[in-house]
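Worksheet: the structure to be examined is printed underneath.
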Amino acid sequence: MDNSSQHTAQQSLTFEEFRNHVLRDFRIACESRQASLTGRKEVLTGKAKFGIFGDGKEVAQLAMARAFRNGDFRSGYYRDQTFMFAAELLTIQEFFAQLYAHPDVTAEPSSAGRGMNGHYSTRLLNEDGSWKSQVDRKNSSADISPTGGQMPRLLGLAFASGLYRKNPELAAKMQSFTNNGNEIAFGTIGDASTSEGLFFETINAAGVLQVPMAVSVWDDGYGISVPARYQTTKQSISEILSGFAQTEEKAGYRIYKGRGWDYPGLVEMYETGTKVCREEHIPVLFHINEVTQPQGHSTSGSHERYKSRERLDWEEEFDCIRKMREWILESAIATTEELDAIDAAAKKTVSEARRKAWDAHSNAIKTEVKEAVAQLHTLAQGSQQKVFIEKFAAQLLEIGEPERKEIIIALKKCLRLTRGENNSARNEVSAWLHRYTALNQERYSSKLYSESQWNVLKVAPVPARYSNESAMVDGREILQANFDHILSTRPEVVAFGEDVGFIGGVNQTWAGLQQKHGDHRVMDTGIREATIIGQGIGLALRGFRPIAEIQYLDYLAYAIQILSDDLACLQYRTKGGQKAPLIVSTRGHRLEGIWHSGSPMQFILGALRGMHILVPRNMTQAAGFYNTLLASDEPALVIEPLNGYRIKEKMPDNIGEFRVQVGTPEILEQGDDLTIVTYGALCRIAQEAVRHLSEQGISCEVIDVQSLLPFDLTGTIVNSIRKTGKVLFLDEDVPGGATAFMMQQVLEKQDAFRYLDAAPRTLSAKEHRPAYGSDGDYFSKPSAEDIFDTVYAIMHEYDPEEFPAIY
Ligand SMILES: Cc1ncc(C[n+]2csc(CCOP(=O)(O)OP(=O)(O)O)c2C)c(N)n1
């Protein structure tokens, strides 16, 4: 083949430059394949627990990496090691450090050993939690395991470029995040995972929004063992998405199809496709088929079980590195000897990098073992159990490849053995154990929440100020005025959701704000909860401060997976390497019927650790929370009380500036006999019940928790129980839902059981969802009468003479 006729991408290069590019790529392909082969061995010989690798996908990823520029983002999945190597976002040593779960960010920057092998990310944050520049480097968002889960965030990463381009003034201010919106968000996904709803939702949304999103589908024909005929209509994702293609009249996608082993074809395809994507913000789909998976899906099984002999033979023949090699030779770019030398060197490089990664990981543990053994020797000296302790020490030293848990187990066993001994070394050993436990806490459990100076707990409260002129208005007007102030003073804030833009939200909390601030600030979206959240995550990763609205709390279920798997655990799974300070705004608890009265708080509390969960009782408190959150760098969910928009509240004079502290309950009613702990729409109903109870001589304290995560950091509730000796936990969740959570927090964490004179009680909604209509609500959710009766029953149990049964 004539060298001068190579693809257009290479035409501006001299032959020498072109050859260097090709041989660099070939080297990376060889190294990456060797890393996969070696990685599998490491799992099978027990050095690592699980392995999933990118073999068979090398060549396509080299081509994608060629088109990837500074400022661009990747949102991909576990097959992308070759891309990461080629883009210089991952070293081979780091690849192995991750396989071994090395819990140190300097050794394993993607996730500090937390994320499992094949889960990549770049560190977007400095040590102190501030943003690094994104434009002078290549970026990868943090991978997650749920297949297709990378898609919603990808939309947001691409949308950020769109918004920056639409708002040049902002782009000029945010130069460390964008170069006028010229950045592409590259997505990767396996062919089988395109069956997920998240894929289609994202594809449609990006087509509507016309954002620079470039999705590559690595099509190897299987999802683990299940072939394409069970995954994809017509067995071709590009064919079925052809209706999305751009036409003369209508905007849409550019769709390209390439073969996973065709290096020159792929390089050219990526160059052409990403040019329009970057310049014209046209979304692009690259369907890469004829991709192989030489080692099978993962270390958990062999592909011979489900691939035919014919398929296995084809995979061997069309192995992408083999084909790349053939092409290099046919094109006379290099000789067989040169390629063999590259391959041999790659094997050496990988072997060396693997050894270094292993030594770094295992030597760190061995050093800790030695320290622990020294502690055990000290303990043994003055102990009657010397023989046994020395035996434990010797056993610990003998373990060929020890793990940290074995240190803890041995120390605890020896301290138990010596319980009650008058041995001064025990204190020292015990102190060492505590220090070691704390160290491992930092290694394996830190950074679920921001530990930066912008941690939400560091935001000081600012009281709402009122004067004689302060008007009584509908609650929704307070939110609207507050959002107006935010949009006027914070250009990086954008808000979006279903009906949020043109009409200003179903409850008018954004009314007129699109007209005033522009449709690049306040936006309508399609009905697509998961990608509304993804849109927010991607924007937040790129410097925006998005407020994403989920129209009703009941529909948060559509988005809970992405909130849980992606947003809530982001700081944790990168050990502080990334953050997405997204505010999710919704409304719930009480209105009408099965799907507009939900309060599934336990479900949210269980799924969203890593986010703050705020449940204001009215719109002033809600506005105060938004202001607090915008001063912090953490993600949160704010649930406005759905039935409160038309209830009158006093408009604060310092709208947009007052802040409500999270983790701080408020006492709404003072009382001596019993403490009612509640939140949201029930606050008013509890206050009403308390008035009736006082007529019966029962004095209740009503505490509005306001913030479920974090929960009462001030001890307000335990202090109240100290006074009253009795407590009722009240909410609209199911029995044993968030009331059980509150009870655990108060009795166990605040130690309140010591002060109780009567059994603690919970009162919640019924197990079923609320029936429609006023009576449906009354008989499904706690009413003032239910509260009265439950409180009275506690008082009756406590003092039956003073409080005889009523009914
Ligand atoms: C939501 C979800 N369901 C199931 C799995 C288990 N799983 C992991 S990989 C995989 C197959 C994915 O196949 P494909 O998308 O074609 O990617 P490939 O592994 O072939 O590159 C499955 C079912 C998962 N990780 N996430």
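Identifiers in the structure tokens: chain A, B, ... in order shown; residue index from 1 per chain; ligand index from 1 in order shown.
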
Discussion item. Taking only C-alpha atoms and all ligand atoms and a cut-off of 9 Å, can you tell me which residues surround ligand 1, written as a PyMOL selection string?
Written reply: chain A and resi 52-54+57+77-79+144-149+189-196+217-228+231+292-293+296-298

For N, CA and C atoms, I'd like the residues from the last selection saved as a CSV table (one decimal), in the first residue's frame.
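Here's the written file out_39.csv:
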```csv
chain,number,residue,atom,x,y,z
A,52,ILE,N,-11.5,-7.3,35.2
A,52,ILE,CA,-12.3,-7.1,33.9
A,52,ILE,C,-11.4,-6.2,33.1
A,53,PHE,N,-11.2,-6.6,31.8
A,53,PHE,CA,-10.2,-5.9,31.1
A,53,PHE,C,-10.7,-5.5,29.7
A,54,GLY,N,-9.8,-4.7,29.0
A,54,GLY,CA,-10.1,-4.1,27.7
A,54,GLY,C,-9.6,-4.8,26.5
A,57,LYS,N,-10.5,-4.4,22.6
A,57,LYS,CA,-11.0,-3.0,22.2
A,57,LYS,C,-9.9,-2.0,22.1
A,77,TYR,N,-16.7,3.3,30.5
A,77,TYR,CA,-16.9,2.1,31.4
A,77,TYR,C,-15.7,1.3,31.4
A,78,TYR,N,-15.8,0.1,32.0
A,78,TYR,CA,-14.6,-0.7,32.4
A,78,TYR,C,-13.7,-1.2,31.3
A,79,ARG,N,-14.1,-1.0,30.0
A,79,ARG,CA,-13.2,-1.6,29.0
A,79,ARG,C,-12.2,-0.6,28.5
A,144,ILE,N,-18.7,4.1,36.9
A,144,ILE,CA,-19.5,3.3,37.8
A,144,ILE,C,-19.8,1.9,37.2
A,145,SER,N,-20.2,0.9,37.9
A,145,SER,CA,-20.4,-0.4,37.4
A,145,SER,C,-21.7,-0.6,36.7
A,146,PRO,N,-22.8,0.0,37.1
A,146,PRO,CA,-24.1,-0.2,36.5
A,146,PRO,C,-24.0,0.1,35.0
A,147,THR,N,-24.3,-0.9,34.1
A,147,THR,CA,-24.1,-0.7,32.7
A,147,THR,C,-25.1,0.4,32.2
A,148,GLY,N,-24.6,1.3,31.4
A,148,GLY,CA,-25.5,2.4,31.0
A,148,GLY,C,-25.5,3.6,31.9
A,149,GLY,N,-25.0,3.4,33.1
A,149,GLY,CA,-25.1,4.5,34.1
A,149,GLY,C,-24.1,5.6,33.8
A,189,ILE,N,-19.7,2.8,25.6
A,189,ILE,CA,-20.6,1.8,26.2
A,189,ILE,C,-20.6,0.5,25.4
A,190,GLY,N,-20.8,-0.6,26.0
A,190,GLY,CA,-20.8,-1.9,25.3
A,190,GLY,C,-22.1,-2.0,24.6
A,191,ASP,N,-22.1,-2.8,23.5
A,191,ASP,CA,-23.3,-3.0,22.7
A,191,ASP,C,-24.5,-3.4,23.5
A,192,ALA,N,-24.3,-4.4,24.4
A,192,ALA,CA,-25.4,-4.9,25.1
A,192,ALA,C,-26.0,-3.9,26.0
A,193,SER,N,-25.2,-3.0,26.6
A,193,SER,CA,-25.7,-2.0,27.5
A,193,SER,C,-26.6,-0.9,26.8
A,194,THR,N,-26.5,-0.9,25.5
A,194,THR,CA,-27.4,0.0,24.8
A,194,THR,C,-28.9,-0.4,24.9
A,195,SER,N,-29.1,-1.6,25.5
A,195,SER,CA,-30.5,-2.0,25.7
A,195,SER,C,-31.1,-1.3,26.9
A,196,GLU,N,-30.2,-0.6,27.7
A,196,GLU,CA,-30.7,0.1,28.9
A,196,GLU,C,-31.5,1.3,28.5
A,217,VAL,N,-19.9,3.0,20.7
A,217,VAL,CA,-20.4,1.7,21.1
A,217,VAL,C,-19.4,0.6,20.7
A,218,TRP,N,-18.8,0.0,21.7
A,218,TRP,CA,-17.9,-1.2,21.5
A,218,TRP,C,-18.8,-2.4,21.3
A,219,ASP,N,-18.9,-2.8,20.0
A,219,ASP,CA,-19.9,-3.9,19.8
A,219,ASP,C,-19.1,-5.2,19.5
A,220,ASP,N,-19.1,-6.0,20.6
A,220,ASP,CA,-18.5,-7.4,20.5
A,220,ASP,C,-19.5,-8.5,20.4
A,221,GLY,N,-20.8,-8.0,20.2
A,221,GLY,CA,-21.8,-9.0,20.0
A,221,GLY,C,-22.4,-9.7,21.2
A,222,TYR,N,-21.9,-9.5,22.3
A,222,TYR,CA,-22.4,-10.1,23.5
A,222,TYR,C,-22.5,-9.2,24.7
A,223,GLY,N,-23.4,-9.5,25.6
A,223,GLY,CA,-23.4,-8.9,27.0
A,223,GLY,C,-23.2,-10.1,27.9
A,224,ILE,N,-22.0,-10.2,28.4
A,224,ILE,CA,-21.5,-11.4,29.1
A,224,ILE,C,-21.8,-12.6,28.1
A,225,SER,N,-22.8,-13.4,28.4
A,225,SER,CA,-23.1,-14.6,27.5
A,225,SER,C,-24.2,-14.4,26.5
A,226,VAL,N,-25.0,-13.3,26.7
A,226,VAL,CA,-26.2,-13.1,25.9
A,226,VAL,C,-25.9,-12.4,24.6
A,227,PRO,N,-26.2,-13.1,23.5
A,227,PRO,CA,-25.8,-12.5,22.2
A,227,PRO,C,-26.7,-11.4,21.7
A,228,ALA,N,-26.3,-10.7,20.7
A,228,ALA,CA,-26.9,-9.5,20.2
A,228,ALA,C,-28.4,-9.7,19.8
A,231,GLN,N,-30.5,-8.7,22.5
A,231,GLN,CA,-30.2,-7.4,23.1
A,231,GLN,C,-30.8,-6.3,22.2
A,292,THR,N,-13.7,-7.8,19.4
A,292,THR,CA,-13.6,-9.1,20.0
A,292,THR,C,-13.3,-8.9,21.5
A,293,GLN,N,-13.3,-10.1,22.2
A,293,GLN,CA,-13.1,-10.1,23.6
A,293,GLN,C,-12.3,-11.4,23.9
A,296,GLY,N,-12.6,-13.3,27.1
A,296,GLY,CA,-14.0,-13.4,27.7
A,296,GLY,C,-14.3,-12.2,28.5
A,297,HIS,N,-15.5,-12.3,29.1
A,297,HIS,CA,-16.1,-11.1,29.8
A,297,HIS,C,-15.2,-10.6,31.0
A,298,SER,N,-14.9,-11.5,31.9
A,298,SER,CA,-14.2,-11.1,33.1
A,298,SER,C,-13.5,-12.4,33.6
```

Item to complete: Check region 390-567 of chain A with DSSP on the backbone and list each residue it calls helix (DSSP H, G or I), as a ChimeraX atom specification.
Response: /A:390-398,404-417,425-445,456-458,475-489,513-517,529-541,553-567

How about saving the chosen residues, C-alpha atoms kept, as a JSON list (two decimals), in the first residue's frame?
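Listing of result_30.json after writing:
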```
[["chain", "number", "residue", "atom", "x", "y", "z"],
["A", 390, "GLU", "CA", 4.04, -15.25, 70.32],
["A", 391, "LYS", "CA", 2.25, -17.92, 68.32],
["A", 392, "PHE", "CA", -0.18, -15.35, 66.92],
["A", 393, "ALA", "CA", 2.74, -13.06, 66.11],
["A", 394, "ALA", "CA", 4.57, -15.86, 64.31],
["A", 395, "GLN", "CA", 1.45, -16.82, 62.36],
["A", 396, "LEU", "CA", 0.95, -13.23, 61.28],
["A", 397, "LEU", "CA", 4.51, -13.02, 60.03],
["A", 398, "GLU", "CA", 4.18, -16.28, 58.17],
["A", 404, "ARG", "CA", -4.83, -5.55, 56.79],
["A", 405, "LYS", "CA", -7.77, -7.31, 58.36],
["A", 406, "GLU", "CA", -5.43, -10.07, 59.57],
["A", 407, "ILE", "CA", -3.52, -7.51, 61.61],
["A", 408, "ILE", "CA", -6.70, -6.35, 63.31],
["A", 409, "ILE", "CA", -7.87, -9.92, 63.94],
["A", 410, "ALA", "CA", -4.56, -10.96, 65.53],
["A", 411, "LEU", "CA", -4.35, -7.88, 67.75],
["A", 412, "LYS", "CA", -7.92, -8.20, 68.92],
["A", 413, "LYS", "CA", -7.48, -11.89, 69.72],
["A", 414, "CYS", "CA", -4.38, -11.16, 71.81],
["A", 415, "LEU", "CA", -6.02, -8.29, 73.66],
["A", 416, "ARG", "CA", -8.96, -10.55, 74.44],
["A", 417, "LEU", "CA", -6.56, -13.25, 75.69],
["A", 425, "ALA", "CA", 1.89, -3.01, 77.55],
["A", 426, "ARG", "CA", -1.83, -3.60, 76.98],
["A", 427, "ASN", "CA", -2.55, 0.12, 76.97],
["A", 428, "GLU", "CA", 0.13, 0.74, 74.41],
["A", 429, "VAL", "CA", -1.07, -2.08, 72.15],
["A", 430, "SER", "CA", -4.64, -0.98, 72.53],
["A", 431, "ALA", "CA", -3.69, 2.60, 71.59],
["A", 432, "TRP", "CA", -1.85, 1.26, 68.53],
["A", 433, "LEU", "CA", -4.93, -0.72, 67.54],
["A", 434, "HIS", "CA", -7.09, 2.41, 67.83],
["A", 435, "ARG", "CA", -4.67, 4.40, 65.71],
["A", 436, "TYR", "CA", -4.53, 1.61, 63.14],
["A", 437, "THR", "CA", -8.32, 1.37, 63.02],
["A", 438, "ALA", "CA", -8.54, 5.13, 62.47],
["A", 439, "LEU", "CA", -5.97, 4.89, 59.68],
["A", 440, "ASN", "CA", -8.04, 2.21, 57.97],
["A", 441, "GLN", "CA", -11.18, 4.25, 58.50],
["A", 442, "GLU", "CA", -9.45, 7.02, 56.55],
["A", 443, "ARG", "CA", -8.34, 4.53, 53.89],
["A", 444, "TYR", "CA", -11.65, 2.80, 53.34],
["A", 445, "SER", "CA", -14.40, 5.06, 54.68],
["A", 456, "VAL", "CA", -21.97, 22.59, 54.08],
["A", 457, "LEU", "CA", -21.56, 22.45, 57.86],
["A", 458, "LYS", "CA", -19.10, 25.30, 57.62],
["A", 475, "GLY", "CA", -45.02, 30.85, 49.97],
["A", 476, "ARG", "CA", -44.16, 30.30, 46.32],
["A", 477, "GLU", "CA", -43.41, 34.02, 45.93],
["A", 478, "ILE", "CA", -40.66, 33.73, 48.51],
["A", 479, "LEU", "CA", -38.98, 31.00, 46.50],
["A", 480, "GLN", "CA", -39.43, 32.92, 43.28],
["A", 481, "ALA", "CA", -37.92, 36.11, 44.72],
["A", 482, "ASN", "CA", -35.09, 34.07, 46.19],
["A", 483, "PHE", "CA", -34.35, 32.32, 42.86],
["A", 484, "ASP", "CA", -34.47, 35.68, 41.12],
["A", 485, "HIS", "CA", -31.85, 37.02, 43.50],
["A", 486, "ILE", "CA", -29.68, 33.92, 42.99],
["A", 487, "LEU", "CA", -29.87, 34.16, 39.19],
["A", 488, "SER", "CA", -29.04, 37.86, 39.33],
["A", 489, "THR", "CA", -25.96, 37.38, 41.47],
["A", 513, "LEU", "CA", -37.45, 34.04, 35.52],
["A", 514, "GLN", "CA", -36.75, 32.56, 32.09],
["A", 515, "GLN", "CA", -38.14, 35.71, 30.52],
["A", 516, "LYS", "CA", -35.95, 37.83, 32.79],
["A", 517, "HIS", "CA", -32.70, 35.82, 32.82],
["A", 529, "GLU", "CA", -35.90, 12.28, 35.31],
["A", 530, "ALA", "CA", -32.71, 10.20, 35.16],
["A", 531, "THR", "CA", -31.11, 12.42, 32.54],
["A", 532, "ILE", "CA", -32.30, 15.60, 34.26],
["A", 533, "ILE", "CA", -30.09, 14.41, 37.10],
["A", 534, "GLY", "CA", -27.31, 13.41, 34.69],
["A", 535, "GLN", "CA", -27.55, 16.82, 33.07],
["A", 536, "GLY", "CA", -27.04, 18.31, 36.52],
["A", 537, "ILE", "CA", -24.14, 16.04, 37.43],
["A", 538, "GLY", "CA", -22.27, 16.80, 34.21],
["A", 539, "LEU", "CA", -22.84, 20.54, 34.55],
["A", 540, "ALA", "CA", -21.72, 20.51, 38.16],
["A", 541, "LEU", "CA", -18.54, 18.64, 37.18],
["A", 553, "LEU", "CA", -41.04, 13.54, 44.84],
["A", 554, "ASP", "CA", -43.01, 10.50, 43.65],
["A", 555, "TYR", "CA", -41.05, 10.61, 40.37],
["A", 556, "LEU", "CA", -37.68, 10.73, 42.05],
["A", 557, "ALA", "CA", -37.85, 6.94, 41.83],
["A", 558, "TYR", "CA", -37.00, 7.25, 38.12],
["A", 559, "ALA", "CA", -33.82, 9.08, 39.06],
["A", 560, "ILE", "CA", -32.89, 7.34, 42.29],
["A", 561, "GLN", "CA", -30.52, 4.91, 40.60],
["A", 562, "ILE", "CA", -28.38, 7.61, 39.06],
["A", 563, "LEU", "CA", -28.53, 9.75, 42.20],
["A", 564, "SER", "CA", -27.39, 6.79, 44.24],
["A", 565, "ASP", "CA", -24.86, 5.16, 41.93],
["A", 566, "ASP", "CA", -23.37, 8.31, 40.49],
["A", 567, "LEU", "CA", -23.98, 11.50, 42.43]]
```

Item to complete: Select, from A:Phe26, A:Phe625, A:Tyr798, A:Tyr572, the residue with the minimum atom-to-atom distance to Met324 (chain A), counting only C-alpha atoms.
Response: A:Phe26

Worksheet item: Would you give me, as a count of residues only, the residues in region 442-642 of chain A that DSSP reads as strand (DSSP E or B)?
Response: 34

Worksheet item: In Å, with one decimal, what is the gap from CA of Thr790 (chain A) to CA of Asp712 (chain A)?
Response: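 Rounded to one decimal, the two atoms are 23.5 Å apart.
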
Worksheet item: Between CA of Lys132 (chain A) and CA of Phe177 (chain A), what is the distance, to one decimal in Å?
Response: 8.8 Å

Discussion item. Here is a test: counting only C-alpha atoms, which residue of A:Lys347, A:Arg521, A:Lys766, A:Arg355 is nearest to Gly504 (chain A)?
Written reply: A:Arg521

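Near Ala758 (chain A), within a cut-off of 8 Å and counting only C-alpha atoms, sit the residues Gly725, Lys726, Ile794, Glu797 and Tyr798 of chain A, with same-chain residues fewer than 5 positions away left out.
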
Worksheet item: Smallest atom-to-atom distance to Pro463 (chain A): which of A:Arg123, A:Lys356, A:Lys47, A:Arg659, using only C-alpha atoms?
Response: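 Distance minimum relative to Pro463 (chain A) lands on A:Arg659.
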